[in-house]
file entry.cif (mmCIF, C-alpha atoms)
data_entry
#
loop_
_atom_site.group_PDB
_atom_site.id
_atom_site.type_symbol
_atom_site.label_atom_id
_atom_site.label_comp_id
_atom_site.auth_asym_id
_atom_site.auth_seq_id
_atom_site.Cartn_x
_atom_site.Cartn_y
_atom_site.Cartn_z
ATOM 1 C CA MET A 27 18.751 11.997 -16.048
ATOM 2 C CA SER A 28 15.717 13.286 -14.243
ATOM 3 C CA LEU A 29 13.364 16.256 -14.171
ATOM 4 C CA LYS A 30 12.190 18.516 -11.383
ATOM 5 C CA ILE A 31 9.830 21.435 -10.972
ATOM 6 C CA ASP A 32 11.139 24.974 -10.612
ATOM 7 C CA HIS A 33 8.629 26.390 -8.150
ATOM 8 C CA GLU A 34 9.689 29.950 -8.890
ATOM 9 C CA ARG A 35 8.237 29.562 -12.373
ATOM 10 C CA CYS A 36 5.564 26.868 -12.094
ATOM 11 C CA THR A 37 2.002 28.242 -12.201
ATOM 12 C CA GLU A 38 0.507 25.074 -10.655
ATOM 13 C CA CYS A 39 -1.829 24.645 -13.633
ATOM 14 C CA ARG A 40 -1.396 20.874 -13.197
ATOM 15 C CA MET A 41 -1.314 19.961 -16.858
ATOM 16 C CA CYS A 42 1.764 17.822 -16.129
ATOM 17 C CA TYR A 43 -0.158 15.929 -13.450
ATOM 18 C CA ILE A 44 -3.087 15.264 -15.759
ATOM 19 C CA VAL A 45 -0.891 14.121 -18.661
ATOM 20 C CA CYS A 46 1.211 11.885 -16.428
ATOM 21 C CA ARG A 47 -1.911 10.230 -14.952
ATOM 22 C CA GLU A 48 -3.391 9.817 -18.422
ATOM 23 C CA LEU A 49 -0.298 7.899 -19.511
ATOM 24 C CA ASP A 50 -0.408 5.782 -16.321
ATOM 25 C CA ILE A 51 3.141 6.786 -15.420
ATOM 26 C CA ASN A 52 2.020 8.586 -12.248
ATOM 27 C CA ALA A 53 5.344 10.278 -11.602
ATOM 28 C CA VAL A 54 3.867 13.726 -11.001
ATOM 29 C CA TYR A 55 2.285 14.035 -7.564
ATOM 30 C CA VAL A 56 0.955 16.539 -5.053
ATOM 31 C CA ALA A 57 3.439 17.217 -2.235
ATOM 32 C CA LEU A 58 2.136 16.299 1.205
ATOM 33 C CA GLU A 59 2.625 19.756 2.682
ATOM 34 C CA PRO A 60 0.197 22.649 3.150
ATOM 35 C CA LEU A 61 1.240 24.412 -0.064
ATOM 36 C CA HIS A 62 0.415 21.273 -2.055
ATOM 37 C CA ARG A 63 2.913 21.979 -4.776
ATOM 38 C CA ILE A 64 3.420 19.655 -7.715
ATOM 39 C CA GLU A 65 6.538 17.453 -7.613
ATOM 40 C CA ILE A 66 8.102 14.776 -9.828
ATOM 41 C CA ASP A 67 8.963 11.349 -8.431
ATOM 42 C CA ILE A 68 12.270 10.614 -10.111
ATOM 43 C CA ASP A 69 11.915 6.888 -9.489
ATOM 44 C CA ALA A 70 8.656 6.742 -11.422
ATOM 45 C CA CYS A 71 9.490 9.324 -14.116
ATOM 46 C CA THR A 72 10.597 7.713 -17.381
ATOM 47 C CA TYR A 73 12.272 10.806 -18.861
ATOM 48 C CA PRO A 74 13.845 10.917 -21.440
ATOM 49 C CA GLY A 75 11.665 8.007 -22.601
ATOM 50 C CA CYS A 76 8.568 10.121 -22.020
ATOM 51 C CA THR A 77 8.546 13.890 -22.439
ATOM 52 C CA ALA A 78 4.793 14.436 -22.449
ATOM 53 C CA CYS A 79 4.726 16.855 -19.490
ATOM 54 C CA LEU A 80 7.220 19.080 -21.294
ATOM 55 C CA MET A 81 4.947 19.237 -24.314
ATOM 56 C CA TYR A 82 1.959 20.437 -22.308
ATOM 57 C CA CYS A 83 3.636 22.719 -19.756
ATOM 58 C CA PRO A 84 2.699 26.347 -20.479
ATOM 59 C CA ALA A 85 5.174 28.065 -18.136
ATOM 60 C CA GLU A 86 8.619 28.650 -19.578
ATOM 61 C CA GLY A 87 11.404 27.193 -17.463
ATOM 62 C CA SER A 88 9.132 25.539 -14.904
ATOM 63 C CA ILE A 89 10.414 22.005 -15.568
ATOM 64 C CA VAL A 90 14.184 21.646 -15.487
ATOM 65 C CA GLU A 91 16.762 18.911 -15.684
ATOM 66 C CA ALA A 92 17.552 18.112 -12.066
ATOM 67 C CA ALA A 93 21.290 17.686 -12.543
ATOM 68 C CA THR A 94 22.027 20.719 -14.727
ATOM 69 C CA GLY A 95 19.112 23.058 -14.017
ATOM 70 C CA ARG A 96 18.621 23.403 -17.769
ATOM 71 C CA SER A 97 15.157 24.616 -18.688
ATOM 72 C CA MET A 98 13.133 21.990 -20.543
ATOM 73 C CA VAL A 99 10.122 24.208 -21.293
ATOM 74 C CA PRO A 100 9.682 24.921 -24.121
ATOM 75 C CA PRO A 101 11.055 21.474 -24.982
ATOM 76 C CA PRO A 102 14.478 21.519 -26.667
ATOM 77 C CA PRO A 103 14.757 19.784 -30.079
ATOM 78 C CA GLU A 104 15.980 16.455 -28.655
ATOM 79 C CA ALA A 105 12.893 16.179 -26.457
ATOM 80 C CA TRP A 106 10.734 15.942 -29.567
ATOM 81 C CA GLN A 107 12.845 13.024 -30.833
ATOM 82 C CA THR A 108 13.019 10.952 -27.636
ATOM 83 C CA GLY A 109 9.528 11.523 -26.266
ATOM 84 C CA GLU A 110 6.445 9.373 -26.790
ATOM 85 C CA MET B 117 -16.841 49.941 10.484
ATOM 86 C CA ALA B 118 -20.535 49.144 10.104
ATOM 87 C CA GLU B 119 -21.763 45.903 11.627
ATOM 88 C CA LEU B 120 -22.037 43.228 8.947
ATOM 89 C CA PRO B 121 -25.649 42.110 8.451
ATOM 90 C CA GLY B 122 -25.093 38.362 8.537
ATOM 91 C CA LYS B 123 -22.670 38.262 11.450
ATOM 92 C CA ALA B 124 -25.068 36.715 13.985
ATOM 93 C CA LEU B 125 -26.290 34.151 11.459
ATOM 94 C CA ALA B 126 -22.743 33.083 10.554
ATOM 95 C CA ARG B 127 -21.987 32.595 14.251
ATOM 96 C CA GLU B 128 -25.189 30.605 14.722
ATOM 97 C CA LEU B 129 -24.419 28.239 11.804
ATOM 98 C CA ILE B 130 -20.801 27.786 12.903
ATOM 99 C CA ASP B 131 -21.860 26.983 16.470
ATOM 100 C CA GLU B 132 -24.416 24.414 15.305
ATOM 101 C CA SER B 133 -21.940 22.704 13.003
ATOM 102 C CA GLU B 134 -19.171 22.729 15.599
ATOM 103 C CA ALA B 135 -21.528 21.135 18.098
ATOM 104 C CA GLU B 136 -22.362 18.401 15.596
ATOM 105 C CA SER B 137 -18.713 17.909 14.639
ATOM 106 C CA ARG B 138 -17.908 16.592 18.117
ATOM 107 C CA LYS B 139 -19.914 13.427 17.501
ATOM 108 C CA THR B 140 -19.930 11.982 13.987
ATOM 109 C CA PRO B 141 -19.768 8.425 12.616
ATOM 110 C CA MET B 142 -16.082 9.081 11.904
ATOM 111 C CA GLN B 143 -15.364 8.913 15.635
ATOM 112 C CA ASP B 144 -15.609 5.117 15.326
ATOM 113 C CA VAL B 145 -13.018 5.090 12.565
ATOM 114 C CA ILE B 146 -10.706 7.337 14.584
ATOM 115 C CA ALA B 147 -11.150 5.138 17.674
ATOM 116 C CA ALA B 148 -10.402 2.005 15.620
ATOM 117 C CA VAL B 149 -7.258 3.613 14.161
ATOM 118 C CA ARG B 150 -6.106 4.607 17.650
ATOM 119 C CA GLN B 151 -6.713 1.093 18.949
ATOM 120 C CA ARG B 152 -5.490 -1.115 16.125
ATOM 121 C CA GLY B 153 -3.729 1.225 13.723
ATOM 122 C CA LEU B 154 -4.814 1.637 10.099
ATOM 123 C CA ASP B 155 -4.345 -1.533 8.065
ATOM 124 C CA LYS B 156 -3.963 -1.265 4.326
ATOM 125 C CA ASP B 157 -7.417 -2.491 3.374
ATOM 126 C CA THR B 158 -9.195 -0.177 5.819
ATOM 127 C CA ALA B 159 -7.114 2.742 4.558
ATOM 128 C CA ASN B 160 -7.976 1.907 0.966
ATOM 129 C CA ARG B 161 -11.661 1.536 1.762
ATOM 130 C CA LEU B 162 -11.728 4.861 3.570
ATOM 131 C CA ILE B 163 -9.681 6.798 1.034
ATOM 132 C CA GLY B 164 -11.543 5.164 -1.849
ATOM 133 C CA ARG B 165 -14.836 6.525 -0.535
ATOM 134 C CA LEU B 166 -13.411 9.954 0.274
ATOM 135 C CA TRP B 167 -11.923 10.126 -3.221
ATOM 136 C CA THR B 168 -15.296 9.198 -4.729
ATOM 137 C CA LEU B 169 -16.938 12.125 -2.964
ATOM 138 C CA GLU B 170 -14.111 14.542 -3.652
ATOM 139 C CA ARG B 171 -14.089 13.891 -7.387
ATOM 140 C CA MET B 172 -17.831 14.547 -7.496
ATOM 141 C CA PHE B 173 -17.139 18.117 -6.422
ATOM 142 C CA TYR B 174 -16.207 18.818 -10.050
ATOM 143 C CA TYR B 175 -19.838 18.003 -10.855
ATOM 144 C CA ILE B 176 -21.235 19.990 -7.915
ATOM 145 C CA TYR B 177 -19.133 23.085 -8.501
ATOM 146 C CA GLY B 178 -19.803 22.867 -12.244
ATOM 147 C CA GLY B 179 -23.488 23.315 -11.472
ATOM 148 C CA TRP B 180 -22.833 26.093 -8.989
ATOM 149 C CA GLY B 181 -20.557 27.906 -11.409
ATOM 150 C CA GLN B 182 -23.335 28.062 -13.992
ATOM 151 C CA GLY B 183 -25.367 30.046 -11.499
ATOM 152 C CA LEU B 184 -22.823 32.834 -11.246
ATOM 153 C CA GLU B 185 -23.477 35.803 -13.501
ATOM 154 C CA MET B 186 -21.557 38.884 -14.484
ATOM 155 C CA ASN B 187 -21.515 41.560 -11.779
ATOM 156 C CA ASP B 188 -23.836 39.753 -9.363
ATOM 157 C CA PHE B 189 -21.071 39.643 -6.729
ATOM 158 C CA PRO B 190 -17.736 41.431 -6.324
ATOM 159 C CA PRO B 191 -14.803 39.701 -8.060
ATOM 160 C CA SER B 192 -13.424 38.709 -4.645
ATOM 161 C CA VAL B 193 -16.369 36.333 -4.095
ATOM 162 C CA LYS B 194 -15.737 34.634 -7.421
ATOM 163 C CA TYR B 195 -12.009 34.509 -6.797
ATOM 164 C CA LEU B 196 -12.634 32.774 -3.465
ATOM 165 C CA PHE B 197 -14.953 30.280 -5.135
ATOM 166 C CA ALA B 198 -12.352 29.590 -7.847
ATOM 167 C CA ARG B 199 -9.808 29.060 -5.080
ATOM 168 C CA GLN B 200 -12.129 26.575 -3.374
ATOM 169 C CA ILE B 201 -12.559 24.639 -6.630
ATOM 170 C CA VAL B 202 -8.767 24.381 -7.001
ATOM 171 C CA ASP B 203 -8.373 23.325 -3.352
ATOM 172 C CA ASP B 204 -10.986 20.601 -3.592
ATOM 173 C CA SER B 205 -9.433 19.354 -6.819
ATOM 174 C CA THR B 206 -6.113 19.225 -4.934
ATOM 175 C CA HIS B 207 -7.727 17.106 -2.242
ATOM 176 C CA GLU B 208 -9.062 14.775 -4.925
ATOM 177 C CA MET B 209 -5.512 14.467 -6.251
ATOM 178 C CA LEU B 210 -4.163 13.782 -2.751
ATOM 179 C CA TYR B 211 -6.569 10.884 -2.298
ATOM 180 C CA MET B 212 -5.757 9.567 -5.779
ATOM 181 C CA ASP B 213 -2.038 9.738 -5.010
ATOM 182 C CA ALA B 214 -2.646 7.884 -1.731
ATOM 183 C CA LEU B 215 -4.551 5.083 -3.490
ATOM 184 C CA LEU B 216 -1.710 4.707 -5.988
ATOM 185 C CA ARG B 217 0.984 4.911 -3.322
ATOM 186 C CA GLN B 218 -0.779 2.351 -1.134
ATOM 187 C CA GLY B 219 -0.993 -0.010 -4.094
ATOM 188 C CA CYS B 220 -4.798 -0.140 -3.973
ATOM 189 C CA VAL B 221 -4.856 0.539 -7.718
ATOM 190 C CA LYS B 222 -2.153 0.635 -10.360
ATOM 191 C CA THR B 223 -3.666 3.347 -12.516
ATOM 192 C CA GLN B 224 -6.149 6.165 -12.184
ATOM 193 C CA LYS B 225 -8.449 4.461 -14.691
ATOM 194 C CA GLU B 226 -8.559 1.354 -12.506
ATOM 195 C CA ALA B 227 -9.644 3.467 -9.518
ATOM 196 C CA PHE B 228 -12.869 4.473 -11.263
ATOM 197 C CA ARG B 229 -13.840 0.805 -11.640
ATOM 198 C CA HIS B 230 -12.555 -0.441 -8.286
ATOM 199 C CA PRO B 231 -15.335 -1.292 -5.791
ATOM 200 C CA TYR B 232 -13.799 1.111 -3.245
ATOM 201 C CA GLY B 233 -13.854 4.042 -5.662
ATOM 202 C CA LYS B 234 -16.834 3.324 -7.861
ATOM 203 C CA PHE B 235 -19.663 5.860 -7.800
ATOM 204 C CA ALA B 236 -22.999 4.166 -7.071
ATOM 205 C CA VAL B 237 -26.211 6.071 -7.680
ATOM 206 C CA ASP B 238 -28.098 4.286 -4.891
ATOM 207 C CA SER B 239 -25.758 5.348 -2.101
ATOM 208 C CA ALA B 240 -25.543 7.955 0.630
ATOM 209 C CA THR B 241 -22.589 9.425 -1.277
ATOM 210 C CA ALA B 242 -24.807 10.022 -4.300
ATOM 211 C CA TYR B 243 -27.606 11.376 -2.113
ATOM 212 C CA TYR B 244 -25.250 13.960 -0.628
ATOM 213 C CA VAL B 245 -23.744 14.832 -4.019
ATOM 214 C CA PHE B 246 -27.121 15.359 -5.685
ATOM 215 C CA SER B 247 -28.331 17.319 -2.687
ATOM 216 C CA LEU B 248 -25.405 19.727 -2.974
ATOM 217 C CA ARG B 249 -25.699 19.927 -6.738
ATOM 218 C CA ASN B 250 -29.363 20.879 -6.355
ATOM 219 C CA LEU B 251 -28.304 23.980 -4.445
ATOM 220 C CA ALA B 252 -27.207 25.314 -7.858
ATOM 221 C CA THR B 253 -30.537 27.091 -8.205
ATOM 222 C CA TYR B 254 -30.034 29.069 -4.989
ATOM 223 C CA SER B 255 -27.976 32.210 -4.641
ATOM 224 C CA HIS B 256 -24.246 31.738 -4.143
ATOM 225 C CA PRO B 257 -24.133 32.915 -0.490
ATOM 226 C CA VAL B 258 -26.879 30.410 0.426
ATOM 227 C CA ARG B 259 -25.049 27.403 -1.003
ATOM 228 C CA ILE B 260 -21.704 28.573 0.378
ATOM 229 C CA ALA B 261 -23.382 28.906 3.788
ATOM 230 C CA ALA B 262 -24.741 25.370 3.415
ATOM 231 C CA LEU B 263 -21.424 23.753 2.542
ATOM 232 C CA ASN B 264 -18.723 25.927 4.118
ATOM 233 C CA LEU B 265 -20.505 26.530 7.407
ATOM 234 C CA GLY B 266 -21.978 23.016 7.492
ATOM 235 C CA PRO B 267 -20.173 19.869 6.278
ATOM 236 C CA LYS B 268 -16.831 21.674 5.900
ATOM 237 C CA ILE B 269 -16.784 22.400 9.645
ATOM 238 C CA ILE B 270 -17.661 18.789 10.441
ATOM 239 C CA GLU B 271 -15.011 17.563 8.010
ATOM 240 C CA PHE B 272 -12.410 19.851 9.530
ATOM 241 C CA ALA B 273 -12.966 18.318 12.967
ATOM 242 C CA TRP B 274 -12.901 14.623 12.040
ATOM 243 C CA MET B 275 -9.991 15.093 9.665
ATOM 244 C CA GLU B 276 -7.925 16.700 12.384
ATOM 245 C CA GLY B 277 -8.718 13.800 14.725
ATOM 246 C CA LEU B 278 -7.967 11.200 12.078
ATOM 247 C CA ALA B 279 -4.656 12.783 11.058
ATOM 248 C CA GLU B 280 -3.634 12.867 14.681
ATOM 249 C CA ALA B 281 -4.510 9.161 15.127
ATOM 250 C CA ILE B 282 -2.724 7.832 12.008
ATOM 251 C CA ALA B 283 0.857 6.686 12.478
ATOM 252 C CA ASP B 284 1.906 6.251 8.829
ATOM 253 C CA PRO B 285 3.592 9.573 7.953
ATOM 254 C CA ASP B 286 2.373 9.752 4.327
ATOM 255 C CA LEU B 287 -1.231 8.933 5.167
ATOM 256 C CA LYS B 288 -1.117 11.294 8.143
ATOM 257 C CA GLN B 289 0.084 14.116 5.902
ATOM 258 C CA ALA B 290 -2.516 13.350 3.231
ATOM 259 C CA PHE B 291 -5.104 14.452 5.807
ATOM 260 C CA ALA B 292 -3.111 16.928 7.892
ATOM 261 C CA SER B 293 -1.996 18.931 4.852
ATOM 262 C CA GLN B 294 -5.639 19.760 4.018
ATOM 263 C CA THR B 295 -6.112 21.696 7.256
ATOM 264 C CA VAL B 296 -5.101 25.135 6.008
ATOM 265 C CA GLU B 297 -7.317 24.960 2.929
ATOM 266 C CA ASN B 298 -10.315 23.637 4.836
ATOM 267 C CA LYS B 299 -9.909 26.384 7.415
ATOM 268 C CA SER B 300 -9.815 28.978 4.656
ATOM 269 C CA HIS B 301 -13.057 27.604 3.159
ATOM 270 C CA ILE B 302 -14.762 27.952 6.529
ATOM 271 C CA ASN B 303 -13.479 31.504 6.927
ATOM 272 C CA MET B 304 -14.564 32.309 3.391
ATOM 273 C CA GLY B 305 -18.041 30.970 4.143
ATOM 274 C CA ARG B 306 -18.234 33.058 7.297
ATOM 275 C CA ARG B 307 -17.235 36.212 5.451
ATOM 276 C CA ILE B 308 -19.701 35.665 2.587
ATOM 277 C CA VAL B 309 -22.594 35.008 4.962
ATOM 278 C CA GLU B 310 -21.664 38.000 7.123
ATOM 279 C CA GLU B 311 -21.524 40.334 4.151
ATOM 280 C CA PHE B 312 -24.186 39.137 1.725
ATOM 281 C CA ILE B 313 -26.983 37.567 3.778
ATOM 282 C CA GLN B 314 -29.176 40.492 4.719
ATOM 283 C CA LYS B 315 -32.886 39.708 4.435
ATOM 284 C CA PRO B 316 -34.794 37.458 6.858
ATOM 285 C CA VAL B 317 -35.874 35.201 3.992
ATOM 286 C CA GLU B 318 -32.240 34.676 2.968
ATOM 287 C CA MET B 319 -31.322 33.905 6.554
ATOM 288 C CA GLU B 320 -34.063 31.295 6.791
ATOM 289 C CA LEU B 321 -32.896 29.770 3.497
ATOM 290 C CA CYS B 322 -29.342 29.544 4.836
ATOM 291 C CA ARG B 323 -30.539 27.781 7.980
ATOM 292 C CA TRP B 324 -32.546 25.289 5.944
ATOM 293 C CA ALA B 325 -29.747 24.658 3.401
ATOM 294 C CA CYS B 326 -27.122 24.231 6.112
ATOM 295 C CA ARG B 327 -29.317 21.810 8.069
ATOM 296 C CA SER B 328 -30.032 19.766 4.944
ATOM 297 C CA ALA B 329 -26.373 19.655 3.922
ATOM 298 C CA ARG B 330 -25.331 18.557 7.407
ATOM 299 C CA GLN B 331 -27.956 15.836 7.486
ATOM 300 C CA ASP B 332 -26.937 14.483 4.067
ATOM 301 C CA TYR B 333 -23.253 14.689 4.949
ATOM 302 C CA ARG B 334 -23.950 12.745 8.139
ATOM 303 C CA ARG B 335 -25.487 9.992 5.992
ATOM 304 C CA PHE B 336 -22.374 9.976 3.816
ATOM 305 C CA LEU B 337 -20.116 9.724 6.878
ATOM 306 C CA HIS B 338 -22.249 6.940 8.273
ATOM 307 C CA GLU B 339 -21.968 4.963 5.037
ATOM 308 C CA THR B 340 -18.241 5.694 4.719
ATOM 309 C CA SER B 341 -17.343 4.680 8.259
ATOM 310 C CA ASP B 342 -19.405 1.496 7.960
ATOM 311 C CA PHE B 343 -17.701 0.674 4.691
ATOM 312 C CA ALA B 344 -14.235 1.334 6.106
ATOM 313 C CA LEU B 345 -14.892 -0.739 9.232
ATOM 314 C CA GLN B 346 -16.763 -3.441 7.282
ATOM 315 C CA ARG B 347 -19.875 -3.370 9.405
ATOM 316 C CA GLN B 348 -23.588 -3.255 8.830
ATOM 317 C CA THR B 349 -25.463 -0.774 10.947
ATOM 318 C CA PRO B 350 -28.991 0.567 10.654
ATOM 319 C CA PRO B 351 -29.261 3.955 8.995
ATOM 320 C CA PRO B 352 -29.354 6.941 11.345
ATOM 321 C CA PRO B 353 -32.711 8.459 12.222
ATOM 322 C CA VAL B 354 -33.572 11.147 9.728
ATOM 323 C CA ALA B 355 -34.567 14.465 11.221
ATOM 324 C CA ARG B 356 -37.534 16.182 9.639
ATOM 325 C CA VAL B 357 -36.436 19.227 7.712
ATOM 326 C CA ARG B 358 -38.918 21.974 7.010
ATOM 327 C CA VAL B 359 -38.867 22.895 3.325
ATOM 328 C CA THR B 360 -39.246 26.599 2.852
ATOM 329 C CA ASP B 361 -38.935 26.943 -0.908
#
call {"tool": "encode", "arguments": {"input": "entry.cif", "output": "C-alpha cells"}}
result
Amino acid sequence: MSLKIDHERCTECRMCYIVCRELDINAVYVALEPLHRIEIDIDACTYPGCTACLMYCPAEGSIVEAATGRSMVPPPPEAWQTGE
Amino acid sequence: MAELPGKALARELIDESEAESRKTPMQDVIAAVRQRGLDKDTANRLIGRLWTLERMFYYIYGGWGQGLEMNDFPPSVKYLFARQIVDDSTHEMLYMDALLRQGCVKTQKEAFRHPYGKFAVDSATAYYVFSLRNLATYSHPVRIAALNLGPKIIEFAWMEGLAEAIADPDLKQAFASQTVENKSHINMGRRIVEEFIQKPVEMELCRWACRSARQDYRRFLHETSDFALQRQTPPPPVARVRVTD
C-alpha cells in the first residue's frame, strides 16, 4: 500500500514535507521539474506504519491511496490506529 | 502608456549585473565539472554551501517582511514578494533533497551539523547574509533592486552553465529546474524598479545597494567555489563602495 499526491487538490502548503523531514523518513520530496510539485517516494514512505502527513494535511482529498485512489484526507478511522 | 520612471535605471542595473555574470568564481567550478565530471564529495561540498545560503533566506526575508506596512505598496508587490519567499524556500528544499539523495547526510538534522552545511559566522556566506538582512531598513524597491537585479542575475548565469555541464540527471535537474523561478524574480525586480523608483535619491540608493550586494555575493561565490574545489586562494580585491546613507 502506498500514498500519492493528488495535484488537482494539493495546495502545496508543504506541511507533509515538513512533517516527513521532522520524522527523518524523508519520503516527501520536491519534484525536479519547473513546477516543483510535492511528491511521495513510495520506496521511502512507511505508510501505513506512519500516517503523520495525513494528520497535518489541510486540503481534503490531496493525499490518496495510490492503488485505489481513495482519499486519505481527512484521515479515515484506521489511519488513527495504525499511525505513529 | 506613460513611460515608467525607473526604466533606464532597471536597464542600467541589469546590464551591469549581466556583465559581471560572465566572469564569476563559479566559472572554475563549471570548468572543473566539464573536465572531470562532478564527483560525490565535490557535489556535496557545493550543494552543502548553497543550501546553507538558501536556508538563510528565511532570516533575510523575515527581516524584510517586517519592513512592509499596510498600504505602502499595491497588493501585487507583496504577492510577488510572497511568491519569491516560497520559491527560495523551494530551492532550499531542492538542495536538502539533493544532500539526502546523494547520501551526504541521513537526516535533515544531521545536515545542520555537517561541516559542509554548517553556518559559520566568520565566513563570506555570513557576510553576504548579514549584508542582505541589513537592507531591511531600506524601502522594499531598493532591496529588491539590490538582490533581484544584482546577485539573482549572476546566479541565473552560473546556474545555467553549471546545469548544462553536469551529467548526472538528478543533480542537473536540481539546478535546471530553478531557471523559471529565478527568471521570474529578475523580471519582478525589473518591474518594481521601473514602477516605484522615481526620485534621484532613490536611484542612487539602488545603485549603491546593488553594487554592495554584488560585491558581497562575489565573496560568497569565491568562498563557495574554493570550498567545492578544495583550494586556498587569496580573497578577491575589494572595491571601494561609496556609502550614501
call {"tool": "residues_around", "arguments": {"input": "entry.cif", "residues": "stretch 235-239 of chain B", "least_positions_apart": "5", "cutoff": "12 Å", "atoms": "all atoms listed in the file", "output": "ChimeraX atom specification"}}
result
/B:164-172,227-230,244-246,332-333,335-340,343,351
call {"tool": "resolve_selection", "arguments": {"input": "entry.cif", "expression": "the PyMOL selection byres ((chain B) within 8 of (chain A))", "output": "compact mmCIF listing (two decimals) with C-alpha atoms, keeping the file's coordinate frame"}}
result
# COMPACT_ATOMS: atom_id res chain seq x y z
CA THR B 206 -6.11 19.23 -4.93
CA MET B 209 -5.51 14.47 -6.25
CA LEU B 210 -4.16 13.78 -2.75
CA ASP B 213 -2.04 9.74 -5.01
CA THR B 223 -3.67 3.35 -12.52
CA GLN B 224 -6.15 6.16 -12.18
CA ASP B 286 2.37 9.75 4.33
CA GLN B 289 0.08 14.12 5.90
CA ALA B 290 -2.52 13.35 3.23
CA SER B 293 -2.00 18.93 4.85
CA GLN B 294 -5.64 19.76 4.02
CA THR B 295 -6.11 21.70 7.26
CA VAL B 296 -5.10 25.14 6.01
CA GLU B 297 -7.32 24.96 2.93
call {"tool": "residues_around", "arguments": {"input": "entry.cif", "residues": "B:Leu120", "least_positions_apart": "5", "cutoff": "12 Å", "atoms": "all atoms listed in the file", "output": "ChimeraX atom specification"}}
result
/B:125-127,306-314
call {"tool": "atom_distance", "arguments": {"input": "entry.cif", "atom1": "atom CA of B:Ala242", "atom2": "atom CA of B:Ala292"}}
result
25.8 Å
call {"tool": "residues_around", "arguments": {"input": "entry.cif", "residues": "B:Val317", "least_positions_apart": "6", "cutoff": "12 Å", "atoms": "all atoms listed in the file", "output": "ChimeraX atom specification"}}
result
/B:258,323-324,360-361
call {"tool": "atom_distance", "arguments": {"input": "entry.cif", "atom1": "atom CA of B:Asn187", "atom2": "atom CA of B:Pro257"}}
result
14.5 Å
call {"tool": "closest_residue", "arguments": {"input": "entry.cif", "among": "B:Arg152, B:Arg217, B:Arg161, B:Arg327", "to": "A:Ala70", "atoms": "all atoms listed in the file"}}
result
B:Arg217
call {"tool": "atom_distance", "arguments": {"input": "entry.cif", "atom1": "atom CA of B:Glu136", "atom2": "atom CA of B:Leu278"}}
result
16.5 Å
call {"tool": "resolve_selection", "arguments": {"input": "entry.cif", "expression": "the PyMOL selection byres ((chain A and resi 93-108) around 12)", "output": "count of residues only"}}
result
33
call {"tool": "resolve_selection", "arguments": {"input": "entry.cif", "expression": "the PyMOL selection byres ((chain B and resi 140) around 12)", "output": "number ranges by chain"}}
result
B: 133-139, 141-147, 267, 269-275, 277, 330-331, 333-341, 352
call {"tool": "closest_residue", "arguments": {"input": "entry.cif", "among": "B:Ser247, B:Asn298, B:Ser328, B:Asn160", "to": "B:Pro231", "atoms": "all atoms listed in the file"}}
result
B:Asn160
call {"tool": "residues_near_point", "arguments": {"input": "entry.cif", "point": "(-21.7, 33.9, -9.6)", "cutoff": "9 Å", "atoms": "only C-alpha atoms", "output": "number ranges by chain"}}
result
B: 180-189, 193-194, 197, 255-256
call {"tool": "closest_residue", "arguments": {"input": "entry.cif", "among": "B:Asp157, B:Asp284, B:Glu318, B:Asp203", "to": "B:Pro121", "atoms": "only C-alpha atoms"}}
result
B:Glu318
call {"tool": "closest_residue", "arguments": {"input": "entry.cif", "among": "B:Glu119, B:Ala325, B:Lys299, B:Leu162", "to": "B:Gly266", "atoms": "all atoms listed in the file"}}
result
B:Ala325
